[in-house]
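**Student:** Dumping the structure here so I can ask a few things about it.
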2 protein chains.
Amino acid sequence: MTSEDLMVRTALGSWKQSIAQVDKTLASLSDEDFQREIAPGRNRIYYLLGHLTAVNDRLLPLLRLGDRLHPELDDAFIANPDRTFPKDPLEPAALRSAWSDVSEKLLAAFERLRPEEWLERHDAVSAEDFAREPLRNRLAVLLSRTQHTALHEGQMRLAKRR
Amino acid sequence: MTSEDLMVRTALGSWKQSIAQVDKTLASLSDEDFQREIAPGRNRIYYLLGHLTAVNDRLLPLLRLGDRLHPELDDAFIANPDRTFPKDPLEPAALRSAWSDVSEKLLAAFERLRPEEWLERHDAVSAEDFAREPLRNRLAVLLSRTQHTALHEGQMRLAKRR
């Protein structure tokens, strides 16, 4: 294995760890628990899972890996704060499925990328800007979203029963 | 710049982002705010900052980068939960300094490592095990601690006043 291979596999290992941690926290929560807030007046578990699903789903076009699975989630989970709408847009079970489907599609796509492709620009930076700023690559986006996933999982776990 | 250089710089960018986010959250909190809990009955800001400082300080020996700055923090912030001891071990201002000193020493050491050194084993894995499991390298530890920092920063920010 080349050094680049090893580095990419290490980064993917970190990504997988962040997803597995969300899965573990979800497994400890019932669908009813999704209504719980992580702290008084703060986001519900339901919202945070929808938010993570929508943000990660956006990685598909951002990294040029294919079409999104759930663009319909953005309105409720990215563009607006929790409890904006009187009715939740999908059932907890459907949200769990959406999360799993996005995670699965992403991982399969990630594992097909060659190391040099991880160093190509992401889709929100122009070719000209990227020539000056080569750190605005796919790998940087992967690591940023890994952090983002870990951050919200750390909040979600606060709502677990003790 | 080689591909390995770019990958390591991308990973260090992610690390710096997680530290900068903690710094930003700390700048929005007063020393008195350190006593606030992130959620009812949960850790105080004070404890989480001590925990992050101690865990990151441990990276120095774990990555063979030098001696620890604050081994005395482990008892209060790693080995035991919040409020185990009747008196906090150090003042908030001293804890802020410890956090900054650890972050500074780590970053300077990280920036001196060459890409191939990031792929060397970390100090908690034996040479024999590492021969079979080359992903147990310094880079994996860096990414894992980046996630850990982001996770607790996501909790700390819940205690900010709105």
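Here, A, B, ... name the chains of the structure tokens in the order displayed, residue numbers run from 1 inside each chain, and ligands are numbered from 1 in the same displayed order.
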Would you pick out the contacts of stretch 81-87 of chain A at 9 Å or less, using only C-alpha atoms, so that residues sharing its chain but fewer than 2 positions from it are not included, and give the list as a PyMOL selection string?
**Tutor:** chain A and resi 42-44+46-48+76-79+89-90
**Student:** At most 9 Å is the cut-off: for each residue in chain A with any atom that close to an atom of chain B, write down the nearest atom pair and the distance in Å rounded to one decimal, counting only C-alpha atoms, chain first then increasing number, as a tab-separated table.
**Tutor:**
```
residue	atom	partner	partner_atom	distance
A:Ser3	CA	B:Glu4	CA	6.9
A:Glu4	CA	B:Glu4	CA	6.0
A:Leu6	CA	B:Leu135	CA	7.0
A:Met7	CA	B:Met7	CA	7.2
A:Val8	CA	B:Met7	CA	8.2
A:Arg9	CA	B:Leu135	CA	7.5
A:Thr10	CA	B:Ala140	CA	5.6
A:Ala11	CA	B:Ala140	CA	7.2
A:Gly13	CA	B:Ala140	CA	7.9
A:Ser14	CA	B:Leu143	CA	6.3
A:Gln17	CA	B:Ser144	CA	8.6
A:Ser18	CA	B:Gln147	CA	7.8
A:Ile38	CA	B:Ala39	CA	7.5
A:Ala39	CA	B:Ala39	CA	5.1
A:Pro40	CA	B:Ala39	CA	7.3
A:Arg42	CA	B:Leu158	CA	8.1
A:Pro115	CA	B:Ser3	CA	8.6
A:Glu116	CA	B:Ser3	CA	7.4
A:Trp118	CA	B:Met7	CA	8.8
A:Leu119	CA	B:Met7	CA	7.5
A:Pro134	CA	B:Leu6	CA	7.8
A:Leu135	CA	B:Thr10	CA	5.9
A:Arg136	CA	B:Thr10	CA	8.4
A:Asn137	CA	B:Thr10	CA	8.2
A:Leu139	CA	B:Thr10	CA	7.1
A:Ala140	CA	B:Thr10	CA	5.6
A:Leu143	CA	B:Ser14	CA	6.3
A:Ser144	CA	B:Ser14	CA	6.4
A:Thr146	CA	B:Gln147	CA	7.1
A:Gln147	CA	B:Gln147	CA	5.2
A:His148	CA	B:Ala150	CA	7.4
A:Thr149	CA	B:Leu151	CA	8.4
A:Ala150	CA	B:Leu151	CA	5.1
A:Leu151	CA	B:Leu151	CA	4.0
A:His152	CA	B:Gly154	CA	6.5
A:Glu153	CA	B:Leu151	CA	7.1
A:Gly154	CA	B:Leu151	CA	4.8
A:Gln155	CA	B:Gln155	CA	5.7
A:Leu158	CA	B:Ala39	CA	7.6
```
**Student:** Got time to write the residues from that selection, N, CA, C and O atoms, as a short mmCIF file (atom, residue, chain, number, x, y, z; two decimals), in the first residue's frame?
**Tutor:**
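File written: selection.cif
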```cif
data_model
loop_
_atom_site.label_atom_id
_atom_site.label_comp_id
_atom_site.auth_asym_id
_atom_site.auth_seq_id
_atom_site.Cartn_x
_atom_site.Cartn_y
_atom_site.Cartn_z
N SER A 3 1.82 5.34 0.62
CA SER A 3 1.56 6.28 1.72
C SER A 3 0.23 6.98 1.53
O SER A 3 -0.53 7.19 2.48
N GLU A 4 -0.07 7.35 0.27
CA GLU A 4 -1.35 8.03 0.01
C GLU A 4 -2.53 7.12 0.32
O GLU A 4 -3.54 7.57 0.88
N LEU A 6 -2.57 4.72 2.51
CA LEU A 6 -2.66 4.59 3.96
C LEU A 6 -3.32 5.83 4.58
O LEU A 6 -4.16 5.71 5.48
N MET A 7 -2.95 6.99 4.08
CA MET A 7 -3.53 8.22 4.63
C MET A 7 -5.03 8.29 4.36
O MET A 7 -5.81 8.66 5.24
N VAL A 8 -5.42 7.93 3.14
CA VAL A 8 -6.85 7.97 2.81
C VAL A 8 -7.60 6.93 3.64
O VAL A 8 -8.70 7.22 4.16
N ARG A 9 -7.03 5.77 3.80
CA ARG A 9 -7.71 4.75 4.62
C ARG A 9 -7.83 5.19 6.07
O ARG A 9 -8.81 4.88 6.76
N THR A 10 -6.83 5.88 6.54
CA THR A 10 -6.88 6.40 7.92
C THR A 10 -8.01 7.42 8.04
O THR A 10 -8.78 7.41 9.01
N ALA A 11 -8.12 8.30 7.06
CA ALA A 11 -9.20 9.31 7.09
C ALA A 11 -10.57 8.65 6.99
O ALA A 11 -11.52 9.05 7.68
N GLY A 13 -11.27 5.69 7.99
CA GLY A 13 -11.48 5.05 9.29
C GLY A 13 -12.08 6.03 10.29
O GLY A 13 -12.98 5.69 11.06
N SER A 14 -11.60 7.25 10.25
CA SER A 14 -12.12 8.28 11.15
C SER A 14 -13.58 8.61 10.81
O SER A 14 -14.43 8.73 11.69
N GLN A 17 -15.79 5.85 11.99
CA GLN A 17 -15.92 5.89 13.44
C GLN A 17 -17.01 6.90 13.85
O GLN A 17 -17.81 6.62 14.74
N SER A 18 -17.05 8.03 13.18
CA SER A 18 -18.06 9.04 13.54
C SER A 18 -19.47 8.55 13.20
O SER A 18 -20.42 8.79 13.95
N ILE A 38 -31.94 17.94 23.65
CA ILE A 38 -30.60 17.64 24.18
C ILE A 38 -30.32 18.46 25.44
O ILE A 38 -29.51 18.08 26.28
N ALA A 39 -30.98 19.59 25.57
CA ALA A 39 -30.92 20.44 26.77
C ALA A 39 -32.19 21.29 26.71
O ALA A 39 -32.78 21.44 25.64
N PRO A 40 -32.62 21.86 27.84
CA PRO A 40 -33.89 22.58 27.83
C PRO A 40 -33.93 23.69 26.77
O PRO A 40 -33.04 24.55 26.72
N ARG A 42 -33.41 23.43 23.66
CA ARG A 42 -32.49 23.19 22.54
C ARG A 42 -33.08 22.20 21.55
O ARG A 42 -34.19 21.71 21.72
N PRO A 115 -6.72 7.73 -4.16
CA PRO A 115 -6.09 8.77 -3.32
C PRO A 115 -5.95 10.11 -4.04
O PRO A 115 -6.25 11.16 -3.46
N GLU A 116 -5.52 10.09 -5.30
CA GLU A 116 -5.31 11.39 -5.98
C GLU A 116 -6.64 12.12 -6.19
O GLU A 116 -6.67 13.36 -6.26
N TRP A 118 -9.00 12.25 -4.00
CA TRP A 118 -9.30 12.93 -2.73
C TRP A 118 -8.65 14.31 -2.68
O TRP A 118 -9.08 15.18 -1.92
N LEU A 119 -7.60 14.49 -3.46
CA LEU A 119 -6.91 15.79 -3.45
C LEU A 119 -7.42 16.73 -4.54
O LEU A 119 -6.91 17.83 -4.70
N PRO A 134 -4.93 24.78 -2.66
CA PRO A 134 -5.08 23.34 -2.90
C PRO A 134 -5.61 22.54 -1.71
O PRO A 134 -5.90 21.36 -1.84
N LEU A 135 -5.74 23.23 -0.55
CA LEU A 135 -6.29 22.51 0.60
C LEU A 135 -7.82 22.48 0.56
O LEU A 135 -8.44 21.83 1.41
N ARG A 136 -8.41 23.15 -0.42
CA ARG A 136 -9.88 23.09 -0.54
C ARG A 136 -10.25 21.87 -1.38
O ARG A 136 -10.87 21.94 -2.43
N ASN A 137 -9.83 20.73 -0.89
CA ASN A 137 -9.99 19.48 -1.64
C ASN A 137 -11.08 18.60 -1.00
O ASN A 137 -11.64 18.93 0.04
N LEU A 139 -10.76 15.79 0.47
CA LEU A 139 -10.36 15.25 1.78
C LEU A 139 -10.68 16.24 2.90
O LEU A 139 -11.15 15.84 3.98
N ALA A 140 -10.46 17.53 2.64
CA ALA A 140 -10.77 18.54 3.65
C ALA A 140 -12.26 18.54 3.99
O ALA A 140 -12.64 18.70 5.16
N LEU A 143 -13.05 15.50 6.21
CA LEU A 143 -12.64 15.69 7.60
C LEU A 143 -13.53 16.71 8.32
O LEU A 143 -13.85 16.54 9.50
N SER A 144 -13.94 17.72 7.59
CA SER A 144 -14.83 18.72 8.18
C SER A 144 -16.18 18.10 8.54
O SER A 144 -16.73 18.35 9.62
N THR A 146 -16.71 14.96 9.13
CA THR A 146 -16.48 14.01 10.22
C THR A 146 -16.59 14.73 11.56
O THR A 146 -17.25 14.26 12.49
N GLN A 147 -15.95 15.90 11.64
CA GLN A 147 -16.04 16.72 12.86
C GLN A 147 -17.49 17.13 13.13
O GLN A 147 -17.93 17.12 14.28
N HIS A 148 -18.18 17.53 12.09
CA HIS A 148 -19.56 17.99 12.23
C HIS A 148 -20.45 16.86 12.76
O HIS A 148 -21.31 17.07 13.63
N THR A 149 -20.23 15.67 12.24
CA THR A 149 -20.99 14.51 12.71
C THR A 149 -20.70 14.23 14.18
O THR A 149 -21.61 14.01 14.99
N ALA A 150 -19.42 14.26 14.54
CA ALA A 150 -19.03 13.99 15.94
C ALA A 150 -19.60 15.05 16.88
O ALA A 150 -20.06 14.73 17.99
N LEU A 151 -19.59 16.28 16.43
CA LEU A 151 -20.09 17.39 17.25
C LEU A 151 -21.56 17.16 17.62
O LEU A 151 -21.93 17.24 18.79
N HIS A 152 -22.37 16.84 16.63
CA HIS A 152 -23.79 16.67 16.94
C HIS A 152 -24.08 15.34 17.62
O HIS A 152 -25.03 15.24 18.40
N GLU A 153 -23.27 14.34 17.37
CA GLU A 153 -23.46 13.09 18.12
C GLU A 153 -23.18 13.34 19.60
O GLU A 153 -23.88 12.81 20.47
N GLY A 154 -22.19 14.17 19.88
CA GLY A 154 -21.89 14.51 21.28
C GLY A 154 -23.06 15.21 21.95
O GLY A 154 -23.25 15.09 23.16
N GLN A 155 -23.84 15.94 21.16
CA GLN A 155 -25.04 16.57 21.73
C GLN A 155 -26.17 15.56 21.87
O GLN A 155 -26.88 15.54 22.89
N LEU A 158 -26.45 13.39 24.96
CA LEU A 158 -26.90 14.02 26.20
C LEU A 158 -28.36 13.68 26.51
O LEU A 158 -28.79 13.78 27.66
#
```
**Student:** Write out as an mmCIF file with C-alpha atoms, in the first residue's frame which residues come within 9 Å of A:Arg64 when counting only C-alpha atoms, dropping same-chain ones fewer than 5 positions away.
**Tutor:**
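Output (selection.cif):
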```cif
data_model
loop_
_atom_site.group_PDB
_atom_site.id
_atom_site.type_symbol
_atom_site.label_atom_id
_atom_site.label_comp_id
_atom_site.auth_asym_id
_atom_site.auth_seq_id
_atom_site.Cartn_x
_atom_site.Cartn_y
_atom_site.Cartn_z
ATOM 1 C CA LEU A 59 -21.718 15.528 0.237
ATOM 2 C CA HIS A 122 -14.579 20.016 -4.062
ATOM 3 C CA ASP A 123 -17.464 21.369 -6.068
#
```
**Student:** Point out the residue among B:Ala54, B:Leu63, B:Ala93, B:Leu29 with the least atom-to-atom distance to B:Glu120, counting only C-alpha atoms.
**Tutor:**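 Nearest to B:Glu120: B:Leu63.
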**Student:** For a test of reading the model, state the distance in Å between atom CA of B:Leu73 and atom CA of B:Lys160, rounded to one decimal.
**Tutor:**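 We find that atom CA of B:Leu73 and atom CA of B:Lys160 lie 24.4 Å from each other.
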**Student:** Have a look at atom CA of B:Phe110 and atom CA of B:Gly50 and let me know their distance in Å, one decimal.
**Tutor:**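 Taking atom CA of B:Phe110 and atom CA of B:Gly50, their separation equals 21.5 Å.
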**Student:** Atom CA of B:Val125 and atom CA of B:Arg58, how far apart in Å?
**Tutor:**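 Calculated distance between atom CA of B:Arg58 and atom CA of B:Val125 is 15.0 Å.
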**Student:** Among stretch 14-154 of chain B, which ones does DSSP place in alpha helix (DSSP H), written as a VMD selection string?
**Tutor:** chain B and resid 14 to 27 45 to 57 59 to 62 74 to 77 92 to 112 115 to 118 127 to 132 138 to 154
**Student:** Can you tell me, as an MDAnalysis selection string, what residues are no more than 9 Å from stretch 104-109 of chain A when counting only C-alpha atoms, ignoring any on the same chain fewer than 2 positions away?
**Tutor:** chainID A and resid 12 15:16 56:57 59:60 65:66 69 99:102 111:113
**Student:** Point out the residue among B:Leu95, B:Gly41, B:Ser126, B:Glu32 with the least atom-to-atom distance to A:Arg162, counting only C-alpha atoms.
**Tutor:**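 Smallest separation from A:Arg162 among the options: B:Gly41.
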